[in-house]
Every structure is written in structure tokens, then in C-alpha cells.
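Enquirer: Below is the structure I would like to discuss, written out as C-alpha cells.
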Amino acid sequence: MNLPLRLPRVRVRRPWRLAAEASALVIAVVVAFPLYWMVLSAFKPAGEIESSEPRPWTLTPTLDSFRRVFGQQEFGRYFLNSLLVAGTVVVVSALIAFLAATAVTRFRFRFRTTLLIMFLVAQMVPVEALTIPLFFLMRDFGQLNTLGSLILPHIAFSLPFAIWMLRGFVKAVPQALEEAAYIDGASRARFLWQILFPLVFPGLVATSVFSFISTWNDFLFAKSFIISDTSQSTLPMALLVFYKPDDPDWGGVMAASTVMTIPVLVFFVLVQRRLVSGLGGAVKD
């Protein structure tokens with residue numbers, strides 16, 4: 001008895017799926033190309049960088065640009081200052097946002113809706129419009145030329161977005177879970193830190209990524225508030241060491257930019273799993 005021959009089923013992709021994948025690939029290439037060019041220029045010799053016919057490759061890579069970057073005496077101090085400012089902003093803004101999101105979600109009080117609307121309004125105000133008022137405010141409080149002049153504004157600008165995102169996570173925790181914890185004898189503080197905090201931790205990670213990136217890459221506040229004391233400068237200010245109007249060192253600028261990007265990539269890799277779950281939880285809300 002001859003059995004019918006079964007041919008393997010060929011899975012044909014739909015045209016719209018192929019178009020979507022091709023579009024995503026093109027967008028990824030366009031987004032990644034500036035990063036590729038930055039890293040490539042960091043390894044190019046000076047002659048190729050200043051050539052009138054730039055090429056997207058190099059046959060003679062060199063580490064001279066990185067040697068000039070790490071040869072700067074203040075570069076290590078700039079790096080530590082950036083790490084201190086970004087780390088402080090991430091930790092403080094996450095804790096304040098968690099407590100504030102819990103308050104506006106779990107408690108009923110007057111002007112609660114008004115407060116939430118004010119958070120949205122704060123997100124709409126451009127940073128450039130507030131730089132000059134913040135400058136005079138920091139001057140009056142004696143915070144110019146200190147790391148505090150960078151930490152405080154970034155905490156203030158990180159909080160509205162963080163509170164709005166964490167509000168969805170806190171709201172997603174069932175009220176019955178809180179009531180069960182109280183019945184079992186847990187205090188409000190214990191429920192807050194031992195039960196609620198771990199549940200909304202993915203949201204904290206997601207908000208921390210945005211806070212870290214915006215603080216780490218900040219140039220406007222660092223240039224405006226750190227005027228004379230270069231020992232309080234952050235890593236973006238190191239770019240000015242290599243940029244001179246008459247004779248800019250583009251290799252040094254690209255090498256310093258590459259070094260600046262590495263901590264962001266490392267931080268992103270460490271938290272990528274929780275970041276995806278955190279953004280997914282925000283979308284569900």
C-alpha cells in the first residue's frame with residue numbers, strides 16, 4: 001500500500017510583514033549609523049578624519065585619539081563627577097517618585113487631580129526656557145559651581161515622568177493584597193517596602209533608565225551652572241577640551257563621545273530585562 005507523500009509545508013510570509021520587517025531594518029540602520037560613524041572616527045587617524053573624501057571604513061585604525069582623551073588630567077575627575085550626579089539623581093528620584101505615586105494612587109485628598117495635571121504641565125515646559133531662572137535660583141542659594149546645581153534640577157525634571165509611569169504600576173497592585181497584608185498584621189510601612197516596592201520595581205528600573213540617560217548626557221546645565229570651578233565639571237564638558245574653534249580635534253571629540261557612551265550601554269544591558277517588563281507594565285495601564 002503506497003502512502004501519500006507529504007511535502008513539507010512552506011511558510012510564506014505576508015507582504016505586509018515583509019514590508020514591516022524591511023522598514024524596521026532600514027530604521028535600525030539609520031539610527032545606528034551615527035553611532036558607527038562616531039566609533040569609526042575615534043579609531044581613524046587624523047588624516048582620514050580631515051580628508052575631503054570621507055570613507056565608511058579605515059584600513060589603518062589607531063588608538064591615538066583615545067590616548068589623548070585618557071591623557072587629560074581632569075578626565076577621571078569628570079567621569080567620577082558624572083557618575084556621582086547620575087547615580088544620585090537615579091536613586092533619589094526613584095524613591096521620591098515611588099512614594100509620590102503611592103500617595104496619589106492609594107490616598108484620596110484635595111487637589112489630587114490638580115496635582116496630577118501639574119505633573120503633565122511640567123513635562124510640557126522646555127528645559128531651555130527654565131535654564132535662566134534656574135541659574136538665578138542656584139546663584140541665590142549659593143549652589144553655582146557645585147554638583148548640587150546639577151543634581152537638584154535633574155531630580156525635579158525626572159520626577160513628573162517617573163510619577164506618572166509608577167502610578168500605573170501602583171494602581172495595578174490589587175487593593176485586596178493590601179487589605180490581606182493588614183489583616184496578617186503588616187504595618188503600612190512594611191507593606192510599602194516589602195510588598196509594594198518589589199512589585200513596582202520593574203517600573204522603577206524603566207524610569208531610572210530615562211533619568212540616567214538624560215542626566216549622564218546633560219550638557220546644558222553643566223555649561224550653565226559650572227562656570228569657573230572645572231573640578232566640578234561632568235563628562236560632557238570634557239568634549240570642550242578637544243573642541244577649539246580654530247583647530248578642533250575631531251578625533252578626540254569622537255573618542256571622548258565613545259567613552260561617554262560605554263557606561264550608558266553597560267547600564268542598559270544590566271537592566272534590559274526589567275526595562276522590557278517595566279515598559280510592558282506601563283503599556284497595560
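Ordering of the C-alpha cells sets the chain letters (A, B, ...), residue numbers begin anew at 1 in every chain, and ligands are numbered from 1 in the order given.
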Quick check for you: according to DSSP on this backbone, which residues of region 5-142 of chain A are classed as alpha helix (DSSP H)? Reply as number ranges by chain.
Expert: A: 15-43, 46-49, 64-70, 75-106, 112-124, 127-140
Enquirer: Could you name the residues that touch Ile163 (chain A) at 12 Å or less, counting only C-alpha atoms, but leaving out those on the same chain fewer than 4 positions away, as a ChimeraX atom specification?
Expert: /A:93-105,115-120,122-123,155-159,167-171,200,203-204,206-208,282
Enquirer: Applying 12 Å and only C-alpha atoms, which residues near Asn145 (chain A) remain after dropping the ones on its own chain fewer than 5 positions away? List them as a VMD selection string.
Expert: chain A and resid 135 138 to 139 150 to 151 221 to 234
Enquirer: Give me a file of those residues, with all heavy atoms, as a compact mmCIF listing (two decimals), in the first residue's frame.
Expert:
```
# COMPACT_ATOMS: atom_id res chain seq x y z
N PHE A 135 19.29 79.31 36.86
CA PHE A 135 20.61 79.89 37.12
C PHE A 135 20.55 80.90 38.26
O PHE A 135 21.38 80.86 39.19
CB PHE A 135 21.14 80.56 35.85
CG PHE A 135 22.43 81.31 36.07
CD1 PHE A 135 23.65 80.65 36.05
CD2 PHE A 135 22.42 82.68 36.30
CE1 PHE A 135 24.83 81.34 36.25
CE2 PHE A 135 23.59 83.38 36.50
CZ PHE A 135 24.81 82.70 36.48
N MET A 138 19.92 79.04 41.58
CA MET A 138 21.12 78.41 42.11
C MET A 138 22.11 79.45 42.63
O MET A 138 22.81 79.22 43.62
CB MET A 138 21.78 77.55 41.03
CG MET A 138 20.96 76.36 40.62
SD MET A 138 20.64 75.25 42.01
CE MET A 138 19.33 74.23 41.33
N ARG A 139 22.16 80.60 41.99
CA ARG A 139 23.04 81.67 42.46
C ARG A 139 22.60 82.18 43.83
O ARG A 139 23.42 82.40 44.72
CB ARG A 139 23.06 82.81 41.46
CG ARG A 139 24.04 83.93 41.79
CD ARG A 139 23.73 85.17 40.99
NE ARG A 139 22.40 85.69 41.30
CZ ARG A 139 21.88 86.78 40.73
NH1 ARG A 139 22.56 87.44 39.80
NH2 ARG A 139 20.67 87.20 41.06
N LEU A 150 23.61 70.61 39.63
CA LEU A 150 23.25 69.67 38.57
C LEU A 150 22.29 68.61 39.08
O LEU A 150 21.41 68.15 38.34
CB LEU A 150 24.51 69.00 38.01
CG LEU A 150 25.60 69.94 37.49
CD1 LEU A 150 26.78 69.12 36.96
CD2 LEU A 150 25.07 70.84 36.39
N ILE A 151 22.44 68.21 40.33
CA ILE A 151 21.61 67.15 40.88
C ILE A 151 20.17 67.61 41.08
O ILE A 151 19.22 66.93 40.67
CB ILE A 151 22.21 66.64 42.20
CG1 ILE A 151 23.56 65.97 41.95
CG2 ILE A 151 21.26 65.68 42.90
CD1 ILE A 151 24.29 65.55 43.21
N PHE A 221 22.92 72.17 31.48
CA PHE A 221 23.07 72.57 32.88
C PHE A 221 24.54 72.61 33.29
O PHE A 221 24.96 73.48 34.05
CB PHE A 221 22.30 71.62 33.78
CG PHE A 221 20.81 71.76 33.69
CD1 PHE A 221 19.96 70.76 34.14
CD2 PHE A 221 20.25 72.90 33.15
CE1 PHE A 221 18.60 70.90 34.06
CE2 PHE A 221 18.88 73.05 33.05
CZ PHE A 221 18.05 72.04 33.50
N ALA A 222 25.32 71.64 32.80
CA ALA A 222 26.74 71.62 33.16
C ALA A 222 27.46 72.85 32.64
O ALA A 222 28.34 73.40 33.30
CB ALA A 222 27.38 70.35 32.60
N LYS A 223 27.07 73.31 31.47
CA LYS A 223 27.70 74.50 30.90
C LYS A 223 27.20 75.78 31.56
O LYS A 223 27.94 76.76 31.69
CB LYS A 223 27.41 74.55 29.39
CG LYS A 223 28.00 75.74 28.66
CD LYS A 223 29.52 75.73 28.69
CE LYS A 223 30.09 76.86 27.86
NZ LYS A 223 31.57 76.93 27.95
N SER A 224 25.94 75.77 32.02
CA SER A 224 25.33 76.99 32.56
C SER A 224 25.66 77.20 34.04
O SER A 224 25.83 78.34 34.48
CB SER A 224 23.80 76.94 32.38
OG SER A 224 23.46 76.81 31.02
N PHE A 225 25.75 76.11 34.82
CA PHE A 225 25.87 76.23 36.27
C PHE A 225 27.30 76.04 36.77
O PHE A 225 27.63 76.49 37.85
CB PHE A 225 24.95 75.23 36.96
CG PHE A 225 23.51 75.39 36.61
CD1 PHE A 225 22.63 74.32 36.68
CD2 PHE A 225 23.01 76.61 36.21
CE1 PHE A 225 21.29 74.45 36.35
CE2 PHE A 225 21.67 76.77 35.87
CZ PHE A 225 20.81 75.69 35.94
N ILE A 226 28.14 75.36 36.01
CA ILE A 226 29.54 75.19 36.39
C ILE A 226 30.34 76.21 35.59
O ILE A 226 30.66 75.98 34.42
CB ILE A 226 30.04 73.76 36.13
CG1 ILE A 226 29.10 72.75 36.79
CG2 ILE A 226 31.45 73.59 36.64
CD1 ILE A 226 29.00 72.87 38.29
N ILE A 227 30.67 77.34 36.20
CA ILE A 227 31.24 78.46 35.46
C ILE A 227 32.75 78.51 35.58
O ILE A 227 33.47 78.56 34.58
CB ILE A 227 30.62 79.79 35.97
CG1 ILE A 227 29.09 79.73 35.84
CG2 ILE A 227 31.19 80.96 35.18
CD1 ILE A 227 28.40 80.92 36.45
N SER A 228 33.26 78.50 36.79
CA SER A 228 34.70 78.72 37.00
C SER A 228 35.42 77.52 37.60
O SER A 228 36.60 77.30 37.32
CB SER A 228 34.92 79.94 37.90
OG SER A 228 34.24 79.77 39.14
N ASP A 229 34.76 76.73 38.42
CA ASP A 229 35.40 75.60 39.10
C ASP A 229 35.33 74.36 38.20
O ASP A 229 34.35 73.61 38.22
CB ASP A 229 34.74 75.34 40.44
CG ASP A 229 35.53 74.34 41.28
OD1 ASP A 229 36.58 73.88 40.81
OD2 ASP A 229 35.08 74.03 42.40
N THR A 230 36.35 74.14 37.40
CA THR A 230 36.35 73.00 36.47
C THR A 230 36.43 71.65 37.19
O THR A 230 36.11 70.62 36.59
CB THR A 230 37.53 73.12 35.49
OG1 THR A 230 38.76 73.18 36.23
CG2 THR A 230 37.39 74.36 34.63
N SER A 231 36.82 71.64 38.45
CA SER A 231 36.88 70.38 39.18
C SER A 231 35.49 69.81 39.44
O SER A 231 35.37 68.62 39.76
CB SER A 231 37.61 70.57 40.52
OG SER A 231 36.89 71.46 41.36
N GLN A 232 34.45 70.62 39.27
CA GLN A 232 33.07 70.17 39.46
C GLN A 232 32.38 69.87 38.13
O GLN A 232 31.18 69.62 38.11
CB GLN A 232 32.27 71.25 40.22
CG GLN A 232 32.83 71.60 41.58
CD GLN A 232 32.82 70.41 42.53
OE1 GLN A 232 31.83 69.71 42.65
NE2 GLN A 232 33.94 70.19 43.21
N SER A 233 33.12 69.90 37.06
CA SER A 233 32.54 69.65 35.74
C SER A 233 32.24 68.16 35.57
O SER A 233 32.81 67.30 36.25
CB SER A 233 33.48 70.12 34.63
OG SER A 233 33.68 71.51 34.70
N THR A 234 31.35 67.86 34.63
CA THR A 234 30.99 66.49 34.32
C THR A 234 31.58 66.08 32.97
O THR A 234 32.20 66.88 32.28
CB THR A 234 29.46 66.33 34.30
OG1 THR A 234 28.89 67.32 33.44
CG2 THR A 234 28.88 66.49 35.69
```
Enquirer: Using only C-alpha atoms, which residue out of A:Asp249, A:Gly71, A:Arg17, A:Leu235 lies closest to Leu84 (chain A)?
Expert: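 Smallest separation from Leu84 (chain A) among the options: A:Leu235.
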Enquirer: Can you measure CA of Pro160 (chain A) to CA of Arg190 (chain A) for me? One decimal in Å is fine.
Expert: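 One can read the CA of Pro160 (chain A) to CA of Arg190 (chain A) distance as 25.7 Å.
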Enquirer: Hey, what's within 9 Å of region 44-58 of chain A if we count only C-alpha atoms and toss same-chain stuff fewer than 5 positions away? As a VMD selection string, please?
Expert: chain A and resid 36 to 37 39 63 to 65 249 to 251
Enquirer: Expressed in Å to a single decimal, how great is the separation between CA of Trp216 (chain A) and CA of Val264 (chain A)?
Expert: 8.0 Å
Enquirer: Considering only C-alpha atoms, can you say which of A:Gln175, A:Ile183, A:Met260, A:Gly252 comes closest to Phe107 (chain A)?
Expert: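 Looking only at the distances to Phe107 (chain A), the closest residue turns out to be A:Gln175.
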Enquirer: Within 10 Å of Phe70 (chain A), counting only C-alpha atoms, which residues qualify if same-chain residues fewer than 6 places away don't, as a list of chain:residue names?
Expert: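 Returned residues: A:Gly76, A:Gly252, A:Ala255, A:Ala256, A:Val259.
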Enquirer: Fewer than 6 positions away in the same chain doesn't count, so skip those; otherwise give me all residues within 10 Å of Phe267 (chain A), counting only C-alpha atoms, as a PyMOL selection string.
Expert: chain A and resi 209+212-213
Enquirer: So how many Å separate CA of Val266 (chain A) and CA of Val127 (chain A), to one decimal?
Expert: 26.9 Å
Enquirer: So, counting only C-alpha atoms, which residue among A:Leu134, A:Val91, A:Met254, A:Val241 is closest to Val205 (chain A)?
Expert: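 Closest candidate: A:Val91.
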